[in-house]
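What follows is a short report on a single structure.
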Amino acid sequence: MTKKIVIDLPLNTENCRSKAMQIAVRSAGVISVNIDKEKGHLVVIGVGIDFFRLMNCIRKKFKCSSIVSLEEVKQEKPASPKKPSCPSPKCPPICGGQYYPICQPVYDPYNPSCTIM
């Protein structure tokens, strides 16, 4: 369950932005942290984030911080890769256009026995 938390902060200086990001990154389950400079918001995305604990840590440094929104992020299903069609159903896997078997039998015309190297 991925959550997106948008927090309103007074991010006036680069030092404030850096400190806010450091506090957010230390929280368990955080995947990404972004700052919206125009709106003055800190956007935290993660799995199983305890927003109450995160806000307590942020409020120790930024007293007037508040949560703007808290929502679940739906994960997009990755498109299933198309498998290449083979001309015959028993074709070997091909890497780089060439097929190299793991073991090749070696035949010596002078020795009638077959050995595998």
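Chains: A, B, ... in order of the structure tokens. Residues: from 1 per chain. Ligands: from 1, in order shown.
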
All residues 10 Å or closer to Phe51 (chain A), only C-alpha atoms, same chain fewer than 6 positions away omitted, as a list in words:
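Those residues are Lys3, Lys4, Ile5, Ser27, Val44, Cys57, Ile67 and Leu70 of chain A.
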
Can I get the selected residues back with N, CA and C atoms, as a short mmCIF file (atom, residue, chain, number, x, y, z; two decimals), in the first residue's frame?
```
data_model
loop_
_atom_site.label_atom_id
_atom_site.label_comp_id
_atom_site.auth_asym_id
_atom_site.auth_seq_id
_atom_site.Cartn_x
_atom_site.Cartn_y
_atom_site.Cartn_z
N LYS A 3 1.63 5.15 -0.16
CA LYS A 3 0.96 6.39 0.26
C LYS A 3 1.72 7.59 -0.25
N LYS A 4 0.97 8.64 -0.54
CA LYS A 4 1.55 9.93 -0.92
C LYS A 4 1.10 10.95 0.10
N ILE A 5 2.06 11.57 0.78
CA ILE A 5 1.76 12.55 1.82
C ILE A 5 2.31 13.90 1.36
N SER A 27 12.61 8.36 7.81
CA SER A 27 11.42 7.58 8.18
C SER A 27 11.41 6.24 7.47
N VAL A 44 6.06 13.28 0.09
CA VAL A 44 6.72 12.05 0.52
C VAL A 44 5.90 10.87 0.00
N CYS A 57 8.20 14.10 13.89
CA CYS A 57 9.61 14.42 13.64
C CYS A 57 9.76 15.74 12.91
N ILE A 67 -0.40 18.79 7.34
CA ILE A 67 -0.64 17.87 6.23
C ILE A 67 -1.67 18.47 5.30
N LEU A 70 -3.32 13.34 2.10
CA LEU A 70 -2.84 11.99 2.36
C LEU A 70 -3.66 11.05 1.50
#
```

Within 8 Å of Ile31 (chain A) using only C-alpha atoms, minus same-chain residues under 5 positions, as a ChimeraX atom specification:
/A:44-47

Please, could you write that set of residues out with all heavy atoms as a PDB file, in the first residue's frame?
```pdb
ATOM      1  N   VAL A  44       6.060  13.283   0.087  1.00  0.00           N
ATOM      2  CA  VAL A  44       6.716  12.052   0.519  1.00  0.00           C
ATOM      3  C   VAL A  44       5.903  10.875  -0.005  1.00  0.00           C
ATOM      4  O   VAL A  44       4.695  10.802   0.207  1.00  0.00           O
ATOM      5  CB  VAL A  44       6.801  11.983   2.066  1.00  0.00           C
ATOM      6  CG1 VAL A  44       7.503  10.720   2.505  1.00  0.00           C
ATOM      7  CG2 VAL A  44       7.498  13.201   2.621  1.00  0.00           C
ATOM      8  N   ILE A  45       6.571   9.951  -0.703  1.00  0.00           N
ATOM      9  CA  ILE A  45       5.924   8.753  -1.224  1.00  0.00           C
ATOM     10  C   ILE A  45       6.629   7.547  -0.637  1.00  0.00           C
ATOM     11  O   ILE A  45       7.853   7.478  -0.634  1.00  0.00           O
ATOM     12  CB  ILE A  45       5.988   8.720  -2.765  1.00  0.00           C
ATOM     13  CG1 ILE A  45       5.255   9.929  -3.345  1.00  0.00           C
ATOM     14  CG2 ILE A  45       5.384   7.430  -3.299  1.00  0.00           C
ATOM     15  CD1 ILE A  45       5.386  10.073  -4.832  1.00  0.00           C
ATOM     16  N   GLY A  46       5.834   6.578  -0.157  1.00  0.00           N
ATOM     17  CA  GLY A  46       6.441   5.394   0.430  1.00  0.00           C
ATOM     18  C   GLY A  46       5.425   4.319   0.732  1.00  0.00           C
ATOM     19  O   GLY A  46       4.222   4.494   0.581  1.00  0.00           O
ATOM     20  N   VAL A  47       5.939   3.186   1.178  1.00  0.00           N
ATOM     21  CA  VAL A  47       5.114   2.023   1.499  1.00  0.00           C
ATOM     22  C   VAL A  47       5.037   1.885   3.014  1.00  0.00           C
ATOM     23  O   VAL A  47       6.060   1.759   3.688  1.00  0.00           O
ATOM     24  CB  VAL A  47       5.710   0.741   0.879  1.00  0.00           C
ATOM     25  CG1 VAL A  47       4.894  -0.465   1.258  1.00  0.00           C
ATOM     26  CG2 VAL A  47       5.825   0.871  -0.615  1.00  0.00           C
TER      27      VAL A  47
END
```

Could you tell me how far CA of Arg26 (chain A) lies from CA of Phe62 (chain A), in Å and to one decimal?
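Those two atoms sit 15.9 Å apart.
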
Which distance in Å separates CA of Ile35 (chain A) and CA of Leu11 (chain A), to one decimal?
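Computing the Euclidean distance for CA of Ile35 (chain A) and CA of Leu11 (chain A) yields 8.9 Å.
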
Provide the CA of Met1 (chain A) to CA of Leu42 (chain A) distance in Å, to one decimal place.
19.8 Å

When you count only C-alpha atoms, which of these residues is closest to Lys37 (chain A): A:Leu9, A:Val73, A:Val68, A:Met55?
A:Leu9

Counting only C-alpha atoms, closest pick from A:Val43, A:Cys16, A:Leu54, A:Ile7 relative to Ala28 (chain A) is A:Leu54

With distances taken over only C-alpha atoms, which residue among A:Lys19, A:Pro10, A:His41, A:Thr2 lies nearest Lys63 (chain A)?
A:Pro10
